[in-house]
Every structure is written in structure tokens, then in C-alpha cells.
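Shown here: input-v5.pdb, PDB, C-alpha atoms.
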```pdb
ATOM      1  CA  VAL A   8       0.000   0.000   0.000  1.00  0.00           C
ATOM      2  CA  GLY A   9       2.809   2.412   0.839  1.00  0.00           C
ATOM      3  CA  GLU A  10       4.422   1.932  -2.549  1.00  0.00           C
ATOM      4  CA  LEU A  11       1.128   2.536  -4.324  1.00  0.00           C
ATOM      5  CA  GLU A  12       0.482   5.738  -2.355  1.00  0.00           C
ATOM      6  CA  GLY A  13       3.998   6.917  -3.123  1.00  0.00           C
ATOM      7  CA  ALA A  14       3.453   6.313  -6.835  1.00  0.00           C
ATOM      8  CA  ARG A  15       0.154   8.206  -6.689  1.00  0.00           C
ATOM      9  CA  LYS A  16       1.864  11.238  -5.171  1.00  0.00           C
ATOM     10  CA  ILE A  17       4.396  11.228  -7.992  1.00  0.00           C
ATOM     11  CA  THR A  18       1.805  10.852 -10.768  1.00  0.00           C
ATOM     12  CA  GLN A  19      -0.408  13.544  -9.225  1.00  0.00           C
ATOM     13  CA  TRP A  20       2.518  15.955  -9.100  1.00  0.00           C
ATOM     14  CA  ALA A  21       3.494  15.073 -12.682  1.00  0.00           C
ATOM     15  CA  GLU A  22      -0.055  15.562 -13.936  1.00  0.00           C
ATOM     16  CA  LYS A  23      -0.162  19.070 -12.449  1.00  0.00           C
ATOM     17  CA  LYS A  24       3.095  19.836 -14.259  1.00  0.00           C
ATOM     18  CA  ASN A  25       1.813  18.348 -17.552  1.00  0.00           C
ATOM     19  CA  MET A  26       4.548  15.703 -17.376  1.00  0.00           C
ATOM     20  CA  LEU A  27       2.548  12.574 -16.602  1.00  0.00           C
ATOM     21  CA  ASP A  28       3.708  10.892 -19.807  1.00  0.00           C
ATOM     22  CA  ARG A  29       7.293  11.098 -18.505  1.00  0.00           C
ATOM     23  CA  ILE A  30       6.589   8.901 -15.491  1.00  0.00           C
ATOM     24  CA  GLU A  31       7.429   5.333 -16.488  1.00  0.00           C
ATOM     25  CA  ILE A  32       6.569   2.513 -14.078  1.00  0.00           C
ATOM     26  CA  LEU A  33       8.144  -0.925 -14.127  1.00  0.00           C
ATOM     27  CA  GLY A  34       5.761  -3.835 -14.607  1.00  0.00           C
ATOM     28  CA  PHE A  35       5.951  -7.544 -15.274  1.00  0.00           C
ATOM     29  CA  VAL A  36       4.596 -10.185 -17.642  1.00  0.00           C
ATOM     30  CA  ASP A  37       1.860 -11.128 -15.178  1.00  0.00           C
ATOM     31  CA  GLY A  38      -1.442 -10.828 -17.004  1.00  0.00           C
ATOM     32  CA  ASP A  39      -3.431  -7.844 -15.721  1.00  0.00           C
ATOM     33  CA  ARG A  40      -1.746  -7.473 -12.338  1.00  0.00           C
ATOM     34  CA  SER A  41       0.900  -4.862 -13.219  1.00  0.00           C
ATOM     35  CA  ILE A  42      -1.460  -3.132 -15.632  1.00  0.00           C
ATOM     36  CA  ASN A  43      -4.095  -2.686 -12.935  1.00  0.00           C
ATOM     37  CA  TRP A  44      -1.516  -1.510 -10.393  1.00  0.00           C
ATOM     38  CA  ILE A  45      -0.171   1.140 -12.749  1.00  0.00           C
ATOM     39  CA  ARG A  46      -3.657   2.340 -13.619  1.00  0.00           C
ATOM     40  CA  ASP A  47      -4.534   2.520  -9.916  1.00  0.00           C
ATOM     41  CA  SER A  48      -1.403   4.603  -9.313  1.00  0.00           C
ATOM     42  CA  GLY A  49      -2.425   7.088 -11.988  1.00  0.00           C
ATOM     43  CA  GLY A  50       0.365   6.075 -14.336  1.00  0.00           C
ATOM     44  CA  THR A  51       0.093   5.956 -18.113  1.00  0.00           C
ATOM     45  CA  VAL A  52       3.384   4.315 -19.148  1.00  0.00           C
ATOM     46  CA  LEU A  53       4.399   0.702 -18.493  1.00  0.00           C
ATOM     47  CA  ASN A  54       8.034  -0.347 -18.731  1.00  0.00           C
ATOM     48  CA  LEU A  55       7.510  -4.071 -19.242  1.00  0.00           C
ATOM     49  CA  LEU A  56      10.301  -6.253 -17.861  1.00  0.00           C
ATOM     50  CA  CYS A  57      10.971  -9.101 -20.299  1.00  0.00           C
ATOM     51  CA  LYS A  58      13.799 -11.588 -20.606  1.00  0.00           C
ATOM     52  CA  GLY A  59      16.528 -10.311 -22.904  1.00  0.00           C
ATOM     53  CA  SER A  60      18.648 -13.455 -22.820  1.00  0.00           C
ATOM     54  CA  ALA A  61      17.942 -17.060 -23.674  1.00  0.00           C
ATOM     55  CA  LYS A  62      19.508 -18.072 -20.354  1.00  0.00           C
ATOM     56  CA  HIS A  63      17.015 -16.037 -18.314  1.00  0.00           C
ATOM     57  CA  CYS A  64      14.111 -17.240 -20.423  1.00  0.00           C
ATOM     58  CA  THR A  65      15.112 -20.899 -20.162  1.00  0.00           C
ATOM     59  CA  TYR A  66      16.350 -21.151 -16.584  1.00  0.00           C
ATOM     60  CA  GLN A  67      14.388 -18.436 -14.765  1.00  0.00           C
ATOM     61  CA  LEU A  68      11.057 -18.678 -16.550  1.00  0.00           C
ATOM     62  CA  LYS A  69      11.509 -22.270 -17.743  1.00  0.00           C
ATOM     63  CA  LYS A  70       9.823 -21.314 -21.013  1.00  0.00           C
ATOM     64  CA  THR A  71      10.664 -21.349 -24.684  1.00  0.00           C
ATOM     65  CA  ARG A  72      11.211 -18.089 -26.507  1.00  0.00           C
ATOM     66  CA  GLN A  73       7.928 -18.656 -28.335  1.00  0.00           C
ATOM     67  CA  GLU A  74       6.049 -19.073 -25.050  1.00  0.00           C
ATOM     68  CA  HIS A  75       7.618 -15.972 -23.530  1.00  0.00           C
ATOM     69  CA  SER A  76       6.971 -13.794 -26.583  1.00  0.00           C
ATOM     70  CA  GLY A  77       3.370 -15.043 -26.652  1.00  0.00           C
ATOM     71  CA  ASP A  78       2.894 -14.095 -23.002  1.00  0.00           C
ATOM     72  CA  ILE A  79       4.354 -10.663 -23.671  1.00  0.00           C
ATOM     73  CA  CYS A  80       2.041 -10.070 -26.631  1.00  0.00           C
ATOM     74  CA  GLN A  81      -0.958 -10.814 -24.431  1.00  0.00           C
ATOM     75  CA  VAL A  82       0.192  -8.203 -21.904  1.00  0.00           C
ATOM     76  CA  LEU A  83       0.815  -5.686 -24.693  1.00  0.00           C
ATOM     77  CA  GLU A  84      -2.723  -6.151 -25.969  1.00  0.00           C
ATOM     78  CA  ARG A  85      -4.209  -5.756 -22.496  1.00  0.00           C
ATOM     79  CA  ALA A  86      -2.078  -2.706 -21.737  1.00  0.00           C
ATOM     80  CA  GLN A  87      -3.147  -0.970 -24.924  1.00  0.00           C
ATOM     81  CA  LYS A  88      -6.805  -1.667 -24.150  1.00  0.00           C
ATOM     82  CA  ALA A  89      -6.199  -0.140 -20.713  1.00  0.00           C
ATOM     83  CA  GLY A  90      -4.803   3.009 -22.323  1.00  0.00           C
ATOM     84  CA  LEU A  91      -1.175   2.478 -21.320  1.00  0.00           C
ATOM     85  CA  ARG A  92       1.849   3.195 -23.456  1.00  0.00           C
ATOM     86  CA  VAL A  93       4.381   0.350 -23.259  1.00  0.00           C
ATOM     87  CA  ASN A  94       8.156   0.145 -23.463  1.00  0.00           C
ATOM     88  CA  ILE A  95       9.955  -3.211 -23.484  1.00  0.00           C
ATOM     89  CA  TYR A  96      12.850  -3.628 -21.043  1.00  0.00           C
ATOM     90  CA  LEU A  97      15.025  -6.528 -22.243  1.00  0.00           C
ATOM     91  CA  GLU A  98      16.553  -7.684 -18.962  1.00  0.00           C
ATOM     92  CA  ASP A  99      20.062  -9.202 -19.341  1.00  0.00           C
ATOM     93  CA  TRP A 100      20.309  -7.998 -22.946  1.00  0.00           C
ATOM     94  CA  SER A 101      24.093  -7.556 -22.771  1.00  0.00           C
ATOM     95  CA  ASN A 102      24.570 -11.232 -21.950  1.00  0.00           C
ATOM     96  CA  GLY A 103      21.870 -12.243 -24.406  1.00  0.00           C
ATOM     97  CA  ILE A 104      23.385 -10.419 -27.365  1.00  0.00           C
ATOM     98  CA  GLN A 105      26.766 -12.069 -26.699  1.00  0.00           C
ATOM     99  CA  ASP A 106      25.651 -15.595 -25.848  1.00  0.00           C
ATOM    100  CA  ASP A 107      22.673 -16.110 -28.166  1.00  0.00           C
ATOM    101  CA  PRO A 108      21.994 -13.097 -30.403  1.00  0.00           C
ATOM    102  CA  ASP A 109      19.356 -14.995 -32.380  1.00  0.00           C
ATOM    103  CA  TYR A 110      17.221 -15.069 -29.234  1.00  0.00           C
ATOM    104  CA  VAL A 111      17.423 -11.274 -28.929  1.00  0.00           C
ATOM    105  CA  TYR A 112      16.644 -10.759 -32.612  1.00  0.00           C
ATOM    106  CA  PHE A 113      13.694 -13.155 -32.350  1.00  0.00           C
ATOM    107  CA  MET A 114      12.200 -11.286 -29.401  1.00  0.00           C
ATOM    108  CA  VAL A 115      12.476  -7.855 -31.006  1.00  0.00           C
ATOM    109  CA  ASP A 116      11.149  -9.158 -34.312  1.00  0.00           C
ATOM    110  CA  GLN A 117       8.158 -10.777 -32.609  1.00  0.00           C
ATOM    111  CA  LEU A 118       7.276  -7.697 -30.529  1.00  0.00           C
ATOM    112  CA  LYS A 119       8.171  -4.690 -32.674  1.00  0.00           C
ATOM    113  CA  ASP A 120       4.836  -4.546 -34.489  1.00  0.00           C
ATOM    114  CA  HIS A 121       2.698  -4.750 -31.347  1.00  0.00           C
ATOM    115  CA  GLY A 122       2.607  -1.080 -30.405  1.00  0.00           C
ATOM    116  CA  VAL A 123       5.827  -0.936 -28.382  1.00  0.00           C
ATOM    117  CA  SER A 124       7.125   2.627 -28.047  1.00  0.00           C
ATOM    118  CA  ARG A 125      10.763   1.868 -27.182  1.00  0.00           C
ATOM    119  CA  PHE A 126      12.983  -1.140 -26.589  1.00  0.00           C
ATOM    120  CA  MET A 127      15.437  -0.735 -23.717  1.00  0.00           C
ATOM    121  CA  LEU A 128      18.849  -2.388 -24.071  1.00  0.00           C
ATOM    122  CA  PRO A 129      20.276  -2.818 -20.565  1.00  0.00           C
ATOM    123  CA  ASP A 130      23.776  -3.832 -19.605  1.00  0.00           C
ATOM    124  CA  THR A 131      22.096  -5.452 -16.605  1.00  0.00           C
ATOM    125  CA  LEU A 132      25.252  -6.786 -14.927  1.00  0.00           C
ATOM    126  CA  GLY A 133      27.589  -4.070 -16.169  1.00  0.00           C
ATOM    127  CA  ILE A 134      29.691  -6.466 -18.255  1.00  0.00           C
ATOM    128  CA  LEU A 135      30.150  -4.387 -21.428  1.00  0.00           C
ATOM    129  CA  ASN A 136      33.063  -2.220 -22.477  1.00  0.00           C
ATOM    130  CA  HIS A 137      33.062   0.687 -24.907  1.00  0.00           C
ATOM    131  CA  GLN A 138      34.066  -1.452 -27.868  1.00  0.00           C
ATOM    132  CA  ASN A 139      31.398  -4.138 -27.642  1.00  0.00           C
ATOM    133  CA  THR A 140      28.770  -1.601 -26.563  1.00  0.00           C
ATOM    134  CA  HIS A 141      29.237   0.139 -29.900  1.00  0.00           C
ATOM    135  CA  THR A 142      29.227  -3.151 -31.809  1.00  0.00           C
ATOM    136  CA  PHE A 143      26.093  -4.558 -30.195  1.00  0.00           C
ATOM    137  CA  CYS A 144      24.093  -1.315 -30.277  1.00  0.00           C
ATOM    138  CA  LYS A 145      24.931  -0.828 -33.940  1.00  0.00           C
ATOM    139  CA  GLN A 146      23.861  -4.403 -34.707  1.00  0.00           C
ATOM    140  CA  MET A 147      20.459  -3.727 -33.162  1.00  0.00           C
ATOM    141  CA  ILE A 148      20.002  -0.458 -35.041  1.00  0.00           C
ATOM    142  CA  ASP A 149      21.155  -1.896 -38.359  1.00  0.00           C
ATOM    143  CA  LEU A 150      18.845  -4.913 -38.065  1.00  0.00           C
ATOM    144  CA  PHE A 151      15.834  -2.928 -36.823  1.00  0.00           C
ATOM    145  CA  PRO A 152      16.131   0.606 -38.263  1.00  0.00           C
ATOM    146  CA  SER A 153      12.499   1.476 -37.530  1.00  0.00           C
ATOM    147  CA  VAL A 154      12.721   0.554 -33.835  1.00  0.00           C
ATOM    148  CA  ALA A 155      13.519   3.138 -31.136  1.00  0.00           C
ATOM    149  CA  PHE A 156      16.195   1.799 -28.762  1.00  0.00           C
ATOM    150  CA  ASP A 157      17.432   3.053 -25.381  1.00  0.00           C
ATOM    151  CA  PHE A 158      20.701   2.108 -23.692  1.00  0.00           C
ATOM    152  CA  HIS A 159      20.825   1.467 -19.935  1.00  0.00           C
ATOM    153  CA  GLY A 160      24.328   1.232 -18.471  1.00  0.00           C
ATOM    154  CA  HIS A 161      25.667  -0.111 -15.186  1.00  0.00           C
ATOM    155  CA  ASN A 162      29.000   0.963 -13.736  1.00  0.00           C
ATOM    156  CA  ASP A 163      30.461  -2.291 -12.379  1.00  0.00           C
ATOM    157  CA  TYR A 164      33.784  -1.682 -14.176  1.00  0.00           C
ATOM    158  CA  ASP A 165      33.601   2.143 -14.154  1.00  0.00           C
ATOM    159  CA  LEU A 166      32.795   2.021 -17.870  1.00  0.00           C
ATOM    160  CA  SER A 167      29.200   3.267 -17.928  1.00  0.00           C
ATOM    161  CA  VAL A 168      30.094   6.754 -19.199  1.00  0.00           C
ATOM    162  CA  ALA A 169      32.367   5.361 -21.915  1.00  0.00           C
ATOM    163  CA  ASN A 170      29.607   2.931 -22.825  1.00  0.00           C
ATOM    164  CA  ILE A 171      26.901   5.586 -23.251  1.00  0.00           C
ATOM    165  CA  TYR A 172      29.381   7.571 -25.367  1.00  0.00           C
ATOM    166  CA  GLU A 173      29.760   4.600 -27.713  1.00  0.00           C
ATOM    167  CA  ALA A 174      26.053   3.772 -27.644  1.00  0.00           C
ATOM    168  CA  ILE A 175      25.268   7.279 -28.867  1.00  0.00           C
ATOM    169  CA  ARG A 176      28.012   7.059 -31.509  1.00  0.00           C
ATOM    170  CA  ALA A 177      26.363   3.824 -32.688  1.00  0.00           C
ATOM    171  CA  GLY A 178      23.054   5.633 -33.155  1.00  0.00           C
ATOM    172  CA  ILE A 179      21.222   5.272 -29.824  1.00  0.00           C
ATOM    173  CA  ARG A 180      19.227   8.437 -29.134  1.00  0.00           C
ATOM    174  CA  CYS A 181      17.986   7.758 -25.600  1.00  0.00           C
ATOM    175  CA  ILE A 182      20.198   6.837 -22.650  1.00  0.00           C
ATOM    176  CA  HIS A 183      19.362   6.094 -19.019  1.00  0.00           C
ATOM    177  CA  THR A 184      21.147   7.917 -16.201  1.00  0.00           C
ATOM    178  CA  THR A 185      20.678   8.489 -12.482  1.00  0.00           C
ATOM    179  CA  LEU A 186      21.466  11.365 -10.145  1.00  0.00           C
ATOM    180  CA  ASN A 187      25.019  10.954  -8.843  1.00  0.00           C
ATOM    181  CA  GLY A 188      25.118   7.522 -10.487  1.00  0.00           C
ATOM    182  CA  LEU A 189      22.963   5.980  -7.763  1.00  0.00           C
ATOM    183  CA  GLY A 190      21.811   2.452  -8.543  1.00  0.00           C
ATOM    184  CA  GLU A 191      22.244  -1.200  -7.694  1.00  0.00           C
ATOM    185  CA  ARG A 192      25.736  -2.609  -7.087  1.00  0.00           C
ATOM    186  CA  ALA A 193      28.275  -0.075  -8.423  1.00  0.00           C
ATOM    187  CA  GLY A 194      25.530   2.216  -9.718  1.00  0.00           C
ATOM    188  CA  ASN A 195      24.357   3.495 -13.080  1.00  0.00           C
ATOM    189  CA  THR A 196      25.596   6.161 -15.475  1.00  0.00           C
ATOM    190  CA  PRO A 197      25.790   9.489 -13.574  1.00  0.00           C
ATOM    191  CA  LEU A 198      23.675  12.222 -15.151  1.00  0.00           C
ATOM    192  CA  SER A 199      26.269  14.977 -14.686  1.00  0.00           C
ATOM    193  CA  SER A 200      28.967  12.989 -16.492  1.00  0.00           C
ATOM    194  CA  ALA A 201      26.581  12.042 -19.284  1.00  0.00           C
ATOM    195  CA  VAL A 202      25.636  15.686 -19.868  1.00  0.00           C
ATOM    196  CA  ALA A 203      29.285  16.727 -20.101  1.00  0.00           C
ATOM    197  CA  VAL A 204      30.215  13.902 -22.486  1.00  0.00           C
ATOM    198  CA  ILE A 205      27.213  14.535 -24.744  1.00  0.00           C
ATOM    199  CA  LYS A 206      27.873  18.271 -24.903  1.00  0.00           C
ATOM    200  CA  ASP A 207      31.670  18.437 -25.024  1.00  0.00           C
ATOM    201  CA  HIS A 208      32.743  15.190 -26.706  1.00  0.00           C
ATOM    202  CA  LEU A 209      29.779  14.351 -28.914  1.00  0.00           C
ATOM    203  CA  GLN A 210      28.755  17.995 -29.425  1.00  0.00           C
ATOM    204  CA  LEU A 211      25.077  17.126 -29.267  1.00  0.00           C
ATOM    205  CA  ASN A 212      22.149  18.811 -27.593  1.00  0.00           C
ATOM    206  CA  SER A 213      21.066  16.738 -24.583  1.00  0.00           C
ATOM    207  CA  ASN A 214      17.752  18.629 -24.190  1.00  0.00           C
ATOM    208  CA  ILE A 215      18.469  18.895 -20.458  1.00  0.00           C
ATOM    209  CA  ARG A 216      17.576  22.248 -18.972  1.00  0.00           C
ATOM    210  CA  GLU A 217      16.892  23.759 -15.586  1.00  0.00           C
ATOM    211  CA  GLU A 218      13.246  24.182 -14.623  1.00  0.00           C
TER     212      GLU A 218
END
```
Produce C-alpha cells that represent the structure in this file.
Amino acid sequence: VGELEGARKITQWAEKKNMLDRIEILGFVDGDRSINWIRDSGGTVLNLLCKGSAKHCTYQLKKTRQEHSGDICQVLERAQKAGLRVNIYLEDWSNGIQDDPDYVYFMVDQLKDHGVSRFMLPDTLGILNHQNTHTFCKQMIDLFPSVAFDFHGHNDYDLSVANIYEAIRAGIRCIHTTLNGLGERAGNTPLSSAVAVIKDHLQLNSNIREE
């Protein structure tokens, strides 16, 4: 109950500021449960956690890729009927794209025409370096040019800033950051560092401004 009330306070504040569509709430492939929770909280955007590696799909869910993609499609249909916008978060993508890229390509291909706004490519365990980040992000963009991809970095090897630099060079146009790099384990990409790299090294407009 406390978490739901906290989410409601955030969505109510965002709605007053005309920024409700910027509040994205994590949900799961669990039928209507996450959808109903997000609607009850006042949210309008579902970030749907899906398995981005064959290993997670096989050993955590104990399902085939066809079964998992079918379950996801059912949630996508229900979410759209409930008026929610949906992004797909491909958990463990960085391992998936290295160990079994065909699994990753299958999942994106199966889901891309089902009303998904963005596909999130997370380096869930912070295993990537700047070289393979560029390679893997470019592979995704080249194979699926009509799909909008995000990159979500973790800082386990102090490489998250270098990795977002290479993700952007590869063509990614949305990156995930946190204030002061706060996040699980060693943290995520720090916002302040990302802004400096985007502005000074990539010479791009980050669209970040003071309110």
C-alpha cells in the first residue's frame, strides 16, 4: 500500500506539471496485475520487464522463446486496451546479445509490431566495455532501423560513461542515467557525467535544462 500511495503522489505531481507521460513505471509479464496496479497509481506508461537473454528465459522462466513472446504479446494487448503506453525492457540484454543473439533478434522481431514505443537495451550486470557496446548497439540499429532503442548502463567496471558515449556514436538516441550515479551494485551512469560527455565530446544537444 505504501508503494502505491507513493506512486500516486508522484503521478499527481506530474499531472499538475503536464509531465505525466514522462513517469514510467516498471511492470511484469503477469497478465493484468501490473497493468491494474499502474492504472490505480495514476500512471500511463508501463516499462515491461521481459527476458533479454535465452539463459534467463530458459532457466528463470523455464519457457521457450515462443512461449515468452506469446505471453508478452498478451500483456501488450491488455495494456493498450487499458490506455497504457508500453516500453519493453530486455533484462540481461548484454549477456543475451553475446551468448545467443538470435534469441534477442527473435524477441524484437516478434514484438516490434505490437505497439511498443521503445525497446530498452540494458547492460544489466555491467559487463560491457566501450568497444562491444558500440558493436552490439549498432547491430540492433542496423537490423531494426524502424525501432527506437534506449541504452541502460551499469558501472560495475567504471565504464558506464564510456559505454553511453559509444552507444550514442552507434546511433542510440535515448540513454538512461541516475542522479550521482545511484543504482544497484556499483551504480548506473551518472547524469552529470553524461551531460558533459554529450555536450563536449559528442557535441550534441542533450535537451536537459533547468526548470
Next on the checklist: I'd like the interatomic distance between atom CA of A:Asp157 and atom CA of A:Asp37, to a tenth of an Å.
Outcome noted: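 Calculated distance between atom CA of A:Asp157 and atom CA of A:Asp37 is 23.4 Å.
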Item to check | 9 Å contact set for A:Ile95, all atoms listed in the file, chain neighbours under 5 positions out, as number ranges by chain | outcome: A: 53-57, 118, 123-128
Item to check | A:Asn195 environment, 10 Å, all atoms listed in the file, sequence neighbours closer than 5 positions dropped, as JSON, numbers by chain | outcome: {"A": [130, 131, 133, 159, 160, 161, 162, 163, 165, 166, 167, 168, 183, 184, 185, 186, 187, 188, 189, 190]}
Checklist entry - So how many Å separate atom CA of A:Ile134 and atom CA of A:Ala193, to one decimal? => result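 So the answer is 11.8 Å.
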Next on the checklist: For a quick check of understanding, using only C-alpha atoms, which of A:Lys58, A:His121, A:Arg46, A:Lys69 has the smallest distance to A:Gln81?
Outcome noted: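 Of A:Lys58, A:His121, A:Arg46, A:Lys69, the one nearest A:Gln81, counting only C-alpha atoms, is A:His121.
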Next on the checklist: Restricting the calculation to all atoms listed in the file: of A:Ala21, A:Ile179, A:Leu83, A:Leu33, which residue gets closest to A:Val154?
Outcome noted: A:Ile179
Item to check | Computed interatomic separation between atom CA of A:Ile148 and atom CA of A:Gln117 (Å) | outcome: 15.9 Å
Next on the checklist: Let me make sure I understand: among A:Ala174, A:Leu132, A:Ala14, A:Val36, which one has the smallest atom-to-atom distance to A:Asp99 if we use all atoms listed in the file?
Outcome noted: A:Leu132
Next on the checklist: On this structure, the PyMOL selection byres ((chain A and resi 90) around 12) would catch which residues? List them as a list in words, sorted by chain and number.
Outcome noted: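 That expression, the PyMOL selection byres ((chain A and resi 90) around 12), corresponds here to Asp28, Ile42, Asn43, Ile45, Arg46, Gly49, Gly50, Thr51, Val52, Leu53, Leu83, Glu84, Arg85, Ala86, Gln87, Lys88, Ala89, Leu91, Arg92, Val93 and Gly122 of chain A.
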Give me the residues near A:Thr71 as a PDB file with C-alpha atoms, keeping the file's coordinate frame, where near means some atom within 12 Å (using only C-alpha atoms) and where sequence neighbours in that chain fewer than 4 positions away do not count.
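And here is the file that came out, out39.pdb:
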```pdb
ATOM      1  CA  LYS A  58      13.799 -11.588 -20.606  1.00  0.00           C
ATOM      2  CA  SER A  60      18.648 -13.455 -22.820  1.00  0.00           C
ATOM      3  CA  ALA A  61      17.942 -17.060 -23.674  1.00  0.00           C
ATOM      4  CA  LYS A  62      19.508 -18.072 -20.354  1.00  0.00           C
ATOM      5  CA  HIS A  63      17.015 -16.037 -18.314  1.00  0.00           C
ATOM      6  CA  CYS A  64      14.111 -17.240 -20.423  1.00  0.00           C
ATOM      7  CA  THR A  65      15.112 -20.899 -20.162  1.00  0.00           C
ATOM      8  CA  TYR A  66      16.350 -21.151 -16.584  1.00  0.00           C
ATOM      9  CA  GLN A  67      14.388 -18.436 -14.765  1.00  0.00           C
ATOM     10  CA  HIS A  75       7.618 -15.972 -23.530  1.00  0.00           C
ATOM     11  CA  SER A  76       6.971 -13.794 -26.583  1.00  0.00           C
ATOM     12  CA  GLY A  77       3.370 -15.043 -26.652  1.00  0.00           C
ATOM     13  CA  ASP A  78       2.894 -14.095 -23.002  1.00  0.00           C
ATOM     14  CA  TYR A 110      17.221 -15.069 -29.234  1.00  0.00           C
ATOM     15  CA  PHE A 113      13.694 -13.155 -32.350  1.00  0.00           C
ATOM     16  CA  MET A 114      12.200 -11.286 -29.401  1.00  0.00           C
TER      17      MET A 114
END
```
Checklist entry - Which one of A:Asp120, A:Val115, A:Ile171, A:Glu22 sits closest to A:His141 if you count only C-alpha atoms? => result A:Ile171
Next on the checklist: Need the shell around A:Asp149: protein/DNA/RNA residues with any atom at most 12 Å away, counting all atoms listed in the file. Skip same-chain ones fewer than 6 positions apart. Format as an NGL selection string?
Outcome noted: :A and (112 or 141-143 or 155-156 or 177-179)
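Distances to A:Lys145 were evaluated for A:Ile32, A:Ile175, A:Asp116, A:Gln73 using all atoms listed in the file, and the minimum falls at A:Ile175.
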Checklist entry - Which of these residues is nearest to A:Arg15, using only C-alpha atoms: A:Glu31, A:Asp47, A:Asp39, A:Asp106? => result A:Asp47
